[in-house]
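Have a look at upload_6.pdb below; it lists PDB, C-alpha atoms.
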MODEL        1
ATOM      1  CA  MET A1107     -16.625  -3.214  62.623  1.00  0.00           C
ATOM      2  CA  LYS A1108     -16.706  -4.411  59.010  1.00  0.00           C
ATOM      3  CA  ARG A1109     -14.062  -3.008  56.703  1.00  0.00           C
ATOM      4  CA  THR A1110     -14.717  -2.929  52.926  1.00  0.00           C
ATOM      5  CA  ASN A1111     -12.021  -2.320  50.393  1.00  0.00           C
ATOM      6  CA  LYS A1112     -13.372  -0.752  47.203  1.00  0.00           C
ATOM      7  CA  ALA A1113     -10.034  -0.295  45.425  1.00  0.00           C
ATOM      8  CA  PHE A1114      -8.218  -2.621  43.036  1.00  0.00           C
ATOM      9  CA  THR A1115      -5.316  -4.606  44.353  1.00  0.00           C
ATOM     10  CA  LEU A1116      -1.888  -4.193  42.826  1.00  0.00           C
ATOM     11  CA  LEU A1117      -2.109  -7.615  41.186  1.00  0.00           C
ATOM     12  CA  GLU A1118      -5.471  -6.847  39.550  1.00  0.00           C
ATOM     13  CA  SER A1119      -4.148  -3.542  38.210  1.00  0.00           C
ATOM     14  CA  LEU A1120      -1.055  -5.211  36.747  1.00  0.00           C
ATOM     15  CA  ILE A1121      -3.158  -7.861  35.000  1.00  0.00           C
ATOM     16  CA  VAL A1122      -5.454  -5.259  33.440  1.00  0.00           C
ATOM     17  CA  LEU A1123      -2.526  -3.082  32.319  1.00  0.00           C
ATOM     18  CA  THR A1124      -0.775  -6.113  30.794  1.00  0.00           C
ATOM     19  CA  ILE A1125      -3.884  -7.057  28.806  1.00  0.00           C
ATOM     20  CA  VAL A1126      -4.356  -3.483  27.544  1.00  0.00           C
ATOM     21  CA  ALA A1127      -0.663  -3.231  26.570  1.00  0.00           C
ATOM     22  CA  MET A1128      -0.847  -6.524  24.650  1.00  0.00           C
ATOM     23  CA  MET A1129      -3.970  -5.380  22.791  1.00  0.00           C
ATOM     24  CA  LEU A1130      -2.278  -2.106  21.798  1.00  0.00           C
ATOM     25  CA  LEU A1131       0.839  -3.935  20.654  1.00  0.00           C
ATOM     26  CA  ILE A1132      -1.179  -6.315  18.476  1.00  0.00           C
ATOM     27  CA  SER A1133      -3.231  -3.484  16.950  1.00  0.00           C
ATOM     28  CA  PHE A1134      -0.092  -1.520  15.979  1.00  0.00           C
ATOM     29  CA  THR A1135       1.597  -4.527  14.386  1.00  0.00           C
ATOM     30  CA  LEU A1136      -1.486  -5.552  12.385  1.00  0.00           C
ATOM     31  CA  ARG A1137      -2.219  -2.051  11.080  1.00  0.00           C
ATOM     32  CA  PRO A1138      -0.990  -1.616   7.486  1.00  0.00           C
ATOM     33  CA  ASN A1139       1.933   0.714   7.133  1.00  0.00           C
ATOM     34  CA  GLN A1140       0.184   3.529   5.257  1.00  0.00           C
ATOM     35  CA  ASN A1141       3.112   5.870   5.752  1.00  0.00           C
ATOM     36  CA  GLN A1142       5.431   3.577   3.791  1.00  0.00           C
ATOM     37  CA  ILE A1143       2.930   3.413   0.899  1.00  0.00           C
ATOM     38  CA  ASN A1144       2.661   7.212   0.881  1.00  0.00           C
ATOM     39  CA  GLN A1145       6.459   7.444   0.652  1.00  0.00           C
ATOM     40  CA  TRP A1146       6.679   4.728  -2.014  1.00  0.00           C
ATOM     41  CA  GLU A1147       4.346   6.447  -4.491  1.00  0.00           C
ATOM     42  CA  PRO A1148       6.407   9.634  -5.045  1.00  0.00           C
ATOM     43  CA  ALA A1149       9.626   7.585  -5.190  1.00  0.00           C
ATOM     44  CA  PHE A1150       8.089   5.350  -7.882  1.00  0.00           C
ATOM     45  CA  LYS A1151       6.830   8.407  -9.773  1.00  0.00           C
ATOM     46  CA  ASN A1152      10.328   9.963  -9.792  1.00  0.00           C
ATOM     47  CA  GLN A1153      11.966   6.728 -10.938  1.00  0.00           C
ATOM     48  CA  TRP A1154       9.322   6.190 -13.652  1.00  0.00           C
ATOM     49  CA  GLN A1155       9.661   9.738 -15.015  1.00  0.00           C
ATOM     50  CA  ARG A1156      13.456   9.522 -14.964  1.00  0.00           C
ATOM     51  CA  THR A1157      13.358   6.238 -16.920  1.00  0.00           C
ATOM     52  CA  ARG A1158      10.939   7.673 -19.497  1.00  0.00           C
ATOM     53  CA  LEU A1159      13.126  10.741 -19.974  1.00  0.00           C
ATOM     54  CA  THR A1160      16.194   8.527 -20.356  1.00  0.00           C
ATOM     55  CA  ALA A1161      14.448   6.548 -23.096  1.00  0.00           C
ATOM     56  CA  GLN A1162      13.550   9.758 -24.922  1.00  0.00           C
ATOM     57  CA  GLN A1163      16.982  11.375 -24.544  1.00  0.00           C
ATOM     58  CA  THR A1164      18.981   8.306 -25.578  1.00  0.00           C
ATOM     59  CA  GLN A1165      16.460   7.353 -28.286  1.00  0.00           C
ATOM     60  CA  LYS A1166      16.517   3.727 -27.052  1.00  0.00           C
ATOM     61  CA  ASN A1167      13.750   1.447 -25.837  1.00  0.00           C
ATOM     62  CA  ILE A1168      13.973   0.601 -22.121  1.00  0.00           C
ATOM     63  CA  ILE A1169      12.493  -2.576 -20.656  1.00  0.00           C
ATOM     64  CA  VAL A1170      10.911  -2.349 -17.197  1.00  0.00           C
ATOM     65  CA  ASN A1171      10.245  -5.647 -15.394  1.00  0.00           C
ATOM     66  CA  PHE A1172       7.561  -5.847 -12.715  1.00  0.00           C
ATOM     67  CA  ASP A1173       8.834  -8.885 -10.795  1.00  0.00           C
ATOM     68  CA  LYS A1174       7.330 -10.589  -7.758  1.00  0.00           C
ATOM     69  CA  ASP A1175       9.029  -8.385  -5.156  1.00  0.00           C
ATOM     70  CA  GLY A1176      10.105  -5.286  -7.064  1.00  0.00           C
ATOM     71  CA  ILE A1177      10.561  -3.379 -10.292  1.00  0.00           C
ATOM     72  CA  VAL A1178      13.743  -3.541 -12.361  1.00  0.00           C
ATOM     73  CA  PHE A1179      14.403  -0.236 -14.152  1.00  0.00           C
ATOM     74  CA  ASP A1180      17.299  -0.852 -16.557  1.00  0.00           C
ATOM     75  CA  ARG A1181      19.270  -3.012 -14.069  1.00  0.00           C
ATOM     76  CA  GLU A1182      18.235  -0.910 -11.040  1.00  0.00           C
ATOM     77  CA  LYS A1183      15.946  -2.721  -8.537  1.00  0.00           C
ATOM     78  CA  PHE A1184      13.100  -0.752  -6.930  1.00  0.00           C
ATOM     79  CA  LYS A1185      11.275  -2.620  -4.118  1.00  0.00           C
ATOM     80  CA  TYR A1186       7.513  -2.627  -3.601  1.00  0.00           C
ATOM     81  CA  PRO A1187       6.108  -1.389  -0.268  1.00  0.00           C
ATOM     82  CA  ARG A1188       6.632  -3.842   2.582  1.00  0.00           C
ATOM     83  CA  THR A1189       4.339  -6.929   2.394  1.00  0.00           C
ATOM     84  CA  TYR A1190       3.152  -6.087  -1.165  1.00  0.00           C
ATOM     85  CA  GLN A1191       3.801  -8.501  -4.035  1.00  0.00           C
ATOM     86  CA  ASN A1192       3.035  -8.729  -7.727  1.00  0.00           C
ATOM     87  CA  THR A1193       1.406 -12.095  -8.420  1.00  0.00           C
ATOM     88  CA  VAL A1194       1.612 -11.739 -12.216  1.00  0.00           C
ATOM     89  CA  PRO A1195       5.085 -10.632 -13.385  1.00  0.00           C
ATOM     90  CA  LYS A1196       4.932  -8.260 -16.363  1.00  0.00           C
ATOM     91  CA  GLN A1197       7.366  -6.622 -18.707  1.00  0.00           C
ATOM     92  CA  LEU A1198       6.769  -3.141 -20.079  1.00  0.00           C
ATOM     93  CA  THR A1199       8.730  -1.543 -22.868  1.00  0.00           C
ATOM     94  CA  ILE A1200       9.154   2.212 -22.772  1.00  0.00           C
ATOM     95  CA  LEU A1201       9.628   3.174 -26.390  1.00  0.00           C
ATOM     96  CA  LYS A1202      12.133   5.837 -27.404  1.00  0.00           C
ATOM     97  CA  THR A1203       9.161   8.215 -27.777  1.00  0.00           C
ATOM     98  CA  GLY A1204       8.129   7.634 -24.130  1.00  0.00           C
ATOM     99  CA  TYR A1205       5.074   5.631 -25.157  1.00  0.00           C
ATOM    100  CA  VAL A1206       4.009   2.611 -23.069  1.00  0.00           C
ATOM    101  CA  ALA A1207       1.369   0.094 -24.128  1.00  0.00           C
ATOM    102  CA  PRO A1208      -1.725   0.150 -21.893  1.00  0.00           C
ATOM    103  CA  THR A1209      -1.557  -2.349 -19.048  1.00  0.00           C
ATOM    104  CA  THR A1210      -2.339  -2.767 -15.363  1.00  0.00           C
ATOM    105  CA  VAL A1211       0.000  -4.049 -12.665  1.00  0.00           C
ATOM    106  CA  THR A1212      -1.663  -5.196  -9.438  1.00  0.00           C
ATOM    107  CA  LEU A1213       0.230  -5.333  -6.150  1.00  0.00           C
ATOM    108  CA  LYS A1214      -1.405  -7.279  -3.320  1.00  0.00           C
ATOM    109  CA  SER A1215      -0.916  -7.472   0.423  1.00  0.00           C
ATOM    110  CA  GLY A1216      -3.611  -9.579   2.041  1.00  0.00           C
ATOM    111  CA  ARG A1217      -6.860  -7.748   1.364  1.00  0.00           C
ATOM    112  CA  LYS A1218      -5.184  -4.530   0.244  1.00  0.00           C
ATOM    113  CA  THR A1219      -4.341  -3.863  -3.399  1.00  0.00           C
ATOM    114  CA  ILE A1220      -2.511  -1.161  -5.293  1.00  0.00           C
ATOM    115  CA  LYS A1221      -3.157  -0.959  -9.032  1.00  0.00           C
ATOM    116  CA  LEU A1222      -0.744   0.829 -11.327  1.00  0.00           C
ATOM    117  CA  ILE A1223      -2.836   1.549 -14.413  1.00  0.00           C
ATOM    118  CA  PHE A1224      -0.833   2.654 -17.450  1.00  0.00           C
ATOM    119  CA  SER A1225      -3.257   4.381 -19.796  1.00  0.00           C
ATOM    120  CA  LEU A1226      -3.092   5.188 -23.472  1.00  0.00           C
ATOM    121  CA  GLY A1227      -0.199   7.176 -24.825  1.00  0.00           C
ATOM    122  CA  GLY A1228       2.631   9.078 -23.257  1.00  0.00           C
ATOM    123  CA  GLY A1229       3.432   6.556 -20.523  1.00  0.00           C
ATOM    124  CA  ASP A1230       1.168   8.231 -17.984  1.00  0.00           C
ATOM    125  CA  TYR A1231      -0.283   6.140 -15.180  1.00  0.00           C
ATOM    126  CA  ARG A1232      -2.614   6.388 -12.217  1.00  0.00           C
ATOM    127  CA  VAL A1233      -2.690   4.610  -8.859  1.00  0.00           C
ATOM    128  CA  GLU A1234      -5.798   3.012  -7.369  1.00  0.00           C
ATOM    129  CA  LYS A1235      -5.800   1.674  -3.813  1.00  0.00           C
ATOM    130  CA  SER A1236      -8.542  -0.587  -2.512  1.00  0.00           C
ATOM    131  CA  THR A1237      -9.422  -3.022   0.223  1.00  0.00           C
ATOM    132  CA  ILE A1238     -11.027  -6.279  -0.902  1.00  0.00           C
ATOM    133  CA  GLY A1239     -13.937  -7.672   1.104  1.00  0.00           C
ATOM    134  CA  PHE A1240     -14.794  -4.584   3.118  1.00  0.00           C
ATOM    135  CA  CYS A1241     -17.845  -2.437   2.639  1.00  0.00           C
ATOM    136  CA  PHE A1242     -17.817   0.883   4.419  1.00  0.00           C
ATOM    137  CA  SER A1243     -21.290   2.166   5.135  1.00  0.00           C
ATOM    138  CA  ARG A1244     -22.984   4.367   7.672  1.00  0.00           C
ATOM    139  CA  SER A1245     -26.504   4.016   8.960  1.00  0.00           C
ATOM    140  CA  ILE A1246     -28.535   6.765  10.585  1.00  0.00           C
ATOM    141  CA  ASN A1247     -31.462   5.998  12.849  1.00  0.00           C
ATOM    142  CA  VAL A1248     -34.262   8.556  12.788  1.00  0.00           C
ATOM    143  CA  VAL A1249     -36.631   8.553  15.726  1.00  0.00           C
ATOM    144  CA  ASN A1250     -40.049  10.122  15.340  1.00  0.00           C
ATOM    145  CA  THR A1251     -41.283  11.634  18.649  1.00  0.00           C
ATOM    146  CA  ASP A1252     -44.904  12.410  17.643  1.00  0.00           C
TER     147      ASP A1252
ENDMDL
END

Represent the structure of the file as structure tokens.
Amino acid sequence: MKRTNKAFTLLESLIVLTIVAMMLLISFTLRPNQNQINQWEPAFKNQWQRTRLTAQQTQKNIIVNFDKDGIVFDREKFKYPRTYQNTVPKQLTILKTGYVAPTTVTLKSGRKTIKLIFSLGGGDYRVEKSTIGFCFSRSINVVNTD
């Protein structure tokens, strides 16, 4: 009588589970931390508005430095999101009226970028996020059954 075993052995199951666990671990560590970026934006907005209001209330110009690893608001350091850096340090002056000269500050982390674009007048800004080198597209195949 011939006996066939169609189940996996314990060793084979452990090897497969180890490989799957390692793949999951690598995928979680390589994924960008979007949650931290989403928390950073409102914190930056609050700090920026507070600094602009301070300049207007005290009627003094305030210098804001965008350094390599963070922003210095009147001697108070504000870090960029983890792994992001500013490759071109810049200095902005918030005038006592709240006005800021138009400029763009680009933060990079590998292929991901965050642009802080300060537009004309009033010190307002907008945030643009992008991924360099990726093109997201979708193709649809249509089959004719005539």

Original post:
Do you know which residues are at most 12 Å from Trp1146 in chain A counting only C-alpha atoms, after dropping those on the same chain fewer than 2 positions away, and could you put them as a list in words?
Top reply: Asn1139, Gln1140, Asn1141, Gln1142, Ile1143, Asn1144, Pro1148, Ala1149, Phe1150, Lys1151, Asn1152, Gln1153, Gly1176, Phe1184, Lys1185, Tyr1186, Pro1187, Arg1188, Tyr1190, Ile1220 and Val1233 of chain A

Original post:
Of the candidates A:Leu1123, A:Ile1132, A:Leu1201, A:Val1194, which shows the shortest atom-to-atom distance to Arg1158 in chain A, using all atoms listed in the file?
Top reply: A:Leu1201

Original post:
Quick one, how far is CA of Tyr1231 in chain A from CA of Thr1212 in chain A?
Top reply: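 Separation between CA of Tyr1231 in chain A and CA of Thr1212 in chain A: 12.8 Å.
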
**OP:** Find the distance between CA of Lys1235 in chain A and CA of Thr1160 in chain A and write it in Å to one decimal.
**Re:**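 CA of Thr1160 in chain A lies 28.4 Å from CA of Lys1235 in chain A.
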
**OP:** Do a neighbour search on Lys1183 in chain A at 10 Å with all atoms listed in the file, toss out local chain neighbours closer than 4 positions, and write the hits as a ChimeraX atom specification.
**Re:** /A:1171-1173,1175-1179

Requested write-out: C-alpha atoms of the selected residues, as a PDB file, keeping the file's coordinate frame:
ATOM      1  CA  ASN A1171      10.245  -5.647 -15.394  1.00  0.00           C
ATOM      2  CA  PHE A1172       7.561  -5.847 -12.715  1.00  0.00           C
ATOM      3  CA  ASP A1173       8.834  -8.885 -10.795  1.00  0.00           C
ATOM      4  CA  ASP A1175       9.029  -8.385  -5.156  1.00  0.00           C
ATOM      5  CA  GLY A1176      10.105  -5.286  -7.064  1.00  0.00           C
ATOM      6  CA  ILE A1177      10.561  -3.379 -10.292  1.00  0.00           C
ATOM      7  CA  VAL A1178      13.743  -3.541 -12.361  1.00  0.00           C
ATOM      8  CA  PHE A1179      14.403  -0.236 -14.152  1.00  0.00           C
TER       9      PHE A1179
END

Original post:
Can you tell me how far CA of Leu1226 in chain A sits from CA of Thr1203 in chain A, in Å to one decimal?
Top reply: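 Computing the Euclidean distance for CA of Leu1226 in chain A and CA of Thr1203 in chain A yields 13.3 Å.
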
Original post:
When the PyMOL selection byres ((chain A and resi 1199) around 12) is applied to the file above, which residues end up in the set, as a list in words?
Top reply: Thr1157, Arg1158, Ala1161, Lys1166, Asn1167, Ile1168, Ile1169, Val1170, Asn1171, Phe1172, Val1178, Phe1179, Asp1180, Lys1196, Gln1197, Leu1198, Ile1200, Leu1201, Lys1202, Thr1203, Gly1204, Tyr1205, Val1206, Ala1207, Pro1208, Thr1209, Phe1224 and Gly1229 of chain A
